[in-house]
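Asks: Have a look at the structure that comes next, please.
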Amino acid sequence: MSVVGREAPSPGYGVTIRVVTTSSATAAGELVAALTHAGAVLTALDVVESRPEGTTIDVSCDTLGVEHMYAVADRLGTLAGVQVRSVSDRTFLSHLGGKLAVEPKVPIRHRDDLARIYTPGVARISQAIAANPRNRYNLTIKRNSVAVVTDGSAVLGLGNLGPDAALPVMEGKAALFKRFANIDAWPVCLATQDVDEIVRTVEIVASTYGGINLEDIAAPRCFEIERRLRHTLDIPVFHDDQHGTAIVVLAALRNALRLVGKTLCDARIVVSGVGAAGTAIIRLLVAEGAAHIVAVDRDGALHRAKREASEAARWVAEHTNPERCTGTLRQVLPGADVFIGVSAGNLLDEADVAAMARDSIVFALANPHPEIDTGLARRHAAVVASGRSDELNQINNVLVFPGFFRGLLDARSRRVTTAMKLAAAHALADLVSSDQLAPGYIVPSVFVPEVVPAVAAAVEAAALGGAPDPDAD
């Protein structure tokens with residue numbers, strides 16, 4: 001699948017082109033020049049084999065899309081003395097055979113080991129758990145395990161692709177849990193999009209896990225599934241597309257407002273999209289003290305006098321837009337301090353951002369194409385963020401969910417509360433010091449080692465020290 005209109009080559013479209021070229025002093029330079037002229041970005045040049053009759057070279061580069069990959073390869077093939085042997089899509093190569101594996105944590109070298117970890121020794125462990133169910137946290141994987149549950153109805157920004165196509169995304173999520181928080185997570189892709197079946201299936205398998213991460217489930221179904229599960233399960237349920245996104249947005253917005261000298265309670269905020277992410281963002285901003293939010297969907301601005309079909313939209317209409325603004329996104333955006341987009345690509349143009357308030361903030365988070373070209377937005381906005389990994393200020397849920405679940409598991413929490421989410425957002429924002437804060441750096445990189453411990457500690461403290469939360473999610 002090629003992506004039209006990408007601003008720059010991306011590692012998501014990385015390719016390795018194996019060529020055989022004549023053994024000359026200028027061969028490598030000619031390859032690099034041709035690749036650069038074709039619009040790709042060189043990432044590696046590796047000599048595989050050198051013989052008198054020719055040199056085999058792997059040319060690795062980032063491209064704009066699949067069509068561009070093969071255009072670059074064709075360009076290299078036009079060089080005198082160069083033969084293209086293969087074109088390998090590095091993203092597909094990284095998924096061959098899946099991205100996960102199960103490995104035992106204890107050695108199995110001889111009969112004594114076998115007798116301890118399996119029969120007959122394991123029978124004693126089963127009896128201990130039957131006698132005291134709390135032992136399951138100490139003697140099984142439950143203390144450090146999360147189910148990543150999806151029905152495949154809202155995979156990334158691609159739509160309803162189903163459980164099979166969702167599996168590589170869930171594998172990736174599980175890999176990130178392990179990489180950043182040392183949590184063992186498993187994909188649970190369900191071949192149903194019936195709410196009752198999903199809820200019952202999760203209830204049946206939940207005894208294995210210490211937490212449930214709902215993922216890529218379309219609204220409004222995701223709201224009902226989460227609501228029902230959090231009332232029936234004794235482990236925390238967290239819909240990352242809602243709450244992970246909301247936490248990162250709040251953290252980034254706190255720092256962006258600090259940078260431009262504005263406050264959340266006074267800022268006029270326009271949110272485009274009232275689905276899972278948009279609703280959660282609005283709820284968390286309101287909990288933090290935002291008082292001037294206008295939410296916009298396909299039918300225009302939501303307000304109290306407007307009838308909304310879903311319970312989630314009705315809540316938004318009741319708790320936002322006190323001035324009862326009406327109109328389309330373009331009609332309500334002029335004068336706004338903040339734009340947060342979790343809707344669809346290419347909804348706005350440069351003039352729309354220019355009409356916002358001075359020192360405006362634009363979070364255009366639709367994927368793969370943001371609501372406005374970020375380069376155009378930067379001509380007028382003081383701070384711009386997107387959901388893309390090849391941009392500055394990426395609003396990325398991986399900043400939240402590993403540490404959030406680490407804190408939940410360490411506290412053995414039975415639920416997720418608003419207080420935990422606010423604590424996580426504050427901890428994440430505070431990782432960017434005043435000296436570091438800049439228009440291109442309002443949230444830390446996912447590879448900053450302090451991210452997971454800081455978020456985990458904040459969540460654990462809120463879980464252990466907080467009073468019962470009537471608005472628990």
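Within each chain, counting starts at residue 1; across the structure tokens, chains are named A, B, ... in the order shown, with ligands numbered 1 upward in that order.
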List the spatial neighbours of Gly81 in chain A as a CSV table (one decimal) with C-alpha atoms, in the first residue's frame - criterion: any atom at most 12 Å away, only C-alpha atoms, same-chain residues fewer than 4 positions off excluded.

Replies:
```csv
chain,number,residue,atom,x,y,z
A,19,VAL,CA,22.7,-5.2,-6.3
A,20,VAL,CA,25.7,-6.5,-8.1
A,21,THR,CA,28.0,-3.9,-9.5
A,22,THR,CA,31.4,-3.7,-11.2
A,23,SER,CA,34.3,-3.6,-8.8
A,24,SER,CA,35.3,0.0,-9.2
A,26,THR,CA,33.3,4.9,-7.9
A,27,ALA,CA,30.5,2.2,-7.8
A,28,ALA,CA,29.4,3.0,-4.2
A,30,GLU,CA,27.2,6.2,-8.0
A,31,LEU,CA,24.7,4.1,-6.1
A,53,GLU,CA,34.0,-10.0,-11.5
A,54,GLY,CA,31.7,-7.9,-9.3
A,55,THR,CA,30.7,-6.7,-5.8
A,56,THR,CA,27.4,-7.6,-4.1
A,76,LEU,CA,19.6,1.8,-9.5
A,77,GLY,CA,19.1,-0.8,-12.2
```

Asks: Let's see if you can do this: from backbone DSSP, list all helix (DSSP H, G or I) residues in range 179-427 of chain A, as number ranges by chain.

Replies: A: 179-181, 195-208, 221-232, 240-260, 276-288, 311-319, 329-332, 350-354, 374-377, 397-399, 401-411, 418-427

Asks: Give me a file of those residues, with C-alpha atoms, as a compact mmCIF listing (two decimals), in the first residue's frame.

Replies:
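As a result, again_22.txt now contains:
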```txt
# COMPACT_ATOMS: atom_id res chain seq x y z
CA ARG A 179 10.36 -3.89 25.74
CA PHE A 180 9.43 -0.89 27.85
CA ALA A 181 7.85 -2.32 31.02
CA VAL A 195 -20.77 -6.85 22.36
CA ASP A 196 -22.27 -9.67 24.42
CA GLU A 197 -19.90 -12.25 22.94
CA ILE A 198 -16.85 -10.04 23.43
CA VAL A 199 -17.72 -9.29 27.04
CA ARG A 200 -18.44 -12.90 27.88
CA THR A 201 -15.27 -14.15 26.16
CA VAL A 202 -13.07 -11.72 28.08
CA GLU A 203 -14.80 -12.63 31.31
CA ILE A 204 -14.08 -16.31 30.65
CA VAL A 205 -10.35 -15.88 29.94
CA ALA A 206 -9.65 -13.07 32.42
CA SER A 207 -8.46 -15.38 35.22
CA THR A 208 -5.13 -15.77 33.43
CA ARG A 221 -19.19 -0.43 20.96
CA CYS A 222 -15.92 0.12 22.83
CA PHE A 223 -17.65 2.25 25.48
CA GLU A 224 -20.19 -0.44 26.33
CA ILE A 225 -17.58 -3.23 26.37
CA GLU A 226 -15.32 -1.33 28.71
CA ARG A 227 -18.19 -0.26 30.97
CA ARG A 228 -19.47 -3.79 31.39
CA LEU A 229 -16.08 -5.40 31.89
CA ARG A 230 -14.96 -2.94 34.53
CA HIS A 231 -18.06 -3.81 36.55
CA THR A 232 -17.70 -7.59 36.29
CA ASP A 240 -5.78 2.44 25.27
CA ASP A 241 -7.27 4.13 22.20
CA GLN A 242 -9.34 6.19 24.62
CA HIS A 243 -7.37 6.69 27.77
CA GLY A 244 -3.79 6.27 26.57
CA THR A 245 -4.39 8.90 23.91
CA ALA A 246 -6.11 11.21 26.39
CA ILE A 247 -3.26 10.99 28.89
CA VAL A 248 -0.57 11.81 26.33
CA VAL A 249 -2.65 14.66 24.90
CA LEU A 250 -3.13 16.17 28.36
CA ALA A 251 0.57 15.86 29.16
CA ALA A 252 1.56 17.46 25.85
CA LEU A 253 -1.05 20.20 26.18
CA ARG A 254 0.06 21.10 29.71
CA ASN A 255 3.58 21.68 28.41
CA ALA A 256 2.50 23.43 25.22
CA LEU A 257 0.35 25.86 27.20
CA ARG A 258 3.23 26.42 29.60
CA LEU A 259 5.45 27.24 26.64
CA VAL A 260 3.08 29.88 25.21
CA ALA A 276 -13.38 6.87 21.37
CA ALA A 277 -10.26 9.04 21.55
CA GLY A 278 -12.04 12.38 21.28
CA THR A 279 -14.52 11.58 24.02
CA ALA A 280 -11.79 10.38 26.39
CA ILE A 281 -9.65 13.45 25.68
CA ILE A 282 -12.55 15.77 26.43
CA ARG A 283 -13.46 13.94 29.65
CA LEU A 284 -9.88 14.13 30.91
CA LEU A 285 -9.47 17.79 29.95
CA VAL A 286 -12.69 18.61 31.80
CA ALA A 287 -11.43 16.69 34.85
CA GLU A 288 -8.24 18.77 34.69
CA GLU A 311 -24.63 8.32 25.51
CA ALA A 312 -21.00 9.39 25.04
CA ALA A 313 -21.94 12.26 22.73
CA ARG A 314 -24.68 13.36 25.12
CA TRP A 315 -22.14 13.56 27.95
CA VAL A 316 -19.85 15.70 25.78
CA ALA A 317 -22.71 17.99 24.79
CA GLU A 318 -23.71 18.46 28.43
CA HIS A 319 -20.17 19.23 29.69
CA LEU A 329 -15.20 22.87 12.30
CA ARG A 330 -14.03 25.72 10.09
CA GLN A 331 -16.70 28.01 11.48
CA VAL A 332 -15.88 27.43 15.18
CA GLU A 350 -3.31 27.05 6.20
CA ALA A 351 -5.92 29.81 6.40
CA ASP A 352 -7.81 27.93 9.12
CA VAL A 353 -4.74 27.84 11.38
CA ALA A 354 -3.94 31.46 10.57
CA THR A 374 2.04 19.95 9.74
CA GLY A 375 4.46 22.02 7.70
CA LEU A 376 1.68 24.44 6.81
CA ALA A 377 0.43 24.50 10.41
CA ASN A 397 0.40 6.01 23.35
CA VAL A 398 3.56 4.02 24.01
CA LEU A 399 4.51 6.89 26.32
CA PHE A 401 0.41 2.20 28.41
CA PRO A 402 3.59 0.31 29.44
CA GLY A 403 4.12 2.43 32.54
CA PHE A 404 0.41 2.69 33.28
CA PHE A 405 -0.01 -1.09 33.38
CA ARG A 406 3.28 -1.47 35.25
CA GLY A 407 1.80 0.72 37.98
CA LEU A 408 -1.53 -1.12 37.93
CA LEU A 409 0.12 -4.53 38.20
CA ASP A 410 2.55 -3.47 40.91
CA ALA A 411 -0.34 -2.06 42.95
CA THR A 418 -9.58 9.31 36.67
CA ALA A 419 -7.09 10.11 39.43
CA MET A 420 -4.65 7.56 38.00
CA LYS A 421 -4.95 9.03 34.52
CA LEU A 422 -4.37 12.57 35.75
CA ALA A 423 -1.38 11.40 37.80
CA ALA A 424 0.10 9.67 34.75
CA ALA A 425 -0.36 12.80 32.60
CA HIS A 426 1.28 15.02 35.22
CA ALA A 427 4.22 12.62 35.63
```

Asks: Using only C-alpha atoms, find the one residue out of A:Cys189, A:Val146, A:Val66, A:Ala123 that sits nearest to Val237 in chain A.

Replies: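 Among the listed residues, the smallest separation from Val237 in chain A belongs to A:Val146.
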
Asks: Report, in Å with one decimal, the straight-line distance from CA of Ile217 in chain A to CA of Gly159 in chain A.

Replies: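 The value is 9.8 Å.
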
Asks: Counting only C-alpha atoms, figure out which residue out of A:Ile183, A:Ala154, A:Ala128, A:Ala33 gets nearest to Ile141 in chain A.

Replies: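 Residue with the minimum atom-to-atom distance to Ile141 in chain A: A:Ile183.
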
Asks: Please report the interatomic distance between CA of Val338 in chain A and CA of Glu215 in chain A in Å with one decimal.

Replies: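 We find that CA of Val338 in chain A and CA of Glu215 in chain A lie 27.2 Å from each other.
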
Asks: CA of Ser86 in chain A to CA of Pro168 in chain A: how many Å, to one decimal?

Replies: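 Interatomic distance here is 24.8 Å.
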
Asks: I want to know what sits within 8 Å of range 89-95 of chain A, based on only C-alpha atoms, with residues of the same chain fewer than 2 positions away left out; could you give that as a short mmCIF file (atom, residue, chain, number, x, y, z; two decimals) with C-alpha atoms, in the first residue's frame?

Replies:
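Ended up saving to around_27.cif:
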```cif
data_model
loop_
_atom_site.label_atom_id
_atom_site.label_comp_id
_atom_site.auth_asym_id
_atom_site.auth_seq_id
_atom_site.Cartn_x
_atom_site.Cartn_y
_atom_site.Cartn_z
CA GLY A 12 7.86 2.23 7.76
CA TYR A 13 8.71 1.96 4.07
CA GLY A 14 12.31 0.90 4.49
CA VAL A 15 13.75 -1.34 1.78
CA THR A 16 16.97 -3.25 1.18
CA VAL A 87 14.07 -5.90 -3.38
CA GLY A 97 6.81 -15.59 11.59
CA GLY A 98 5.32 -13.02 13.96
CA LYS A 99 7.03 -10.77 16.48
CA PRO A 168 0.21 -8.00 13.78
#
```
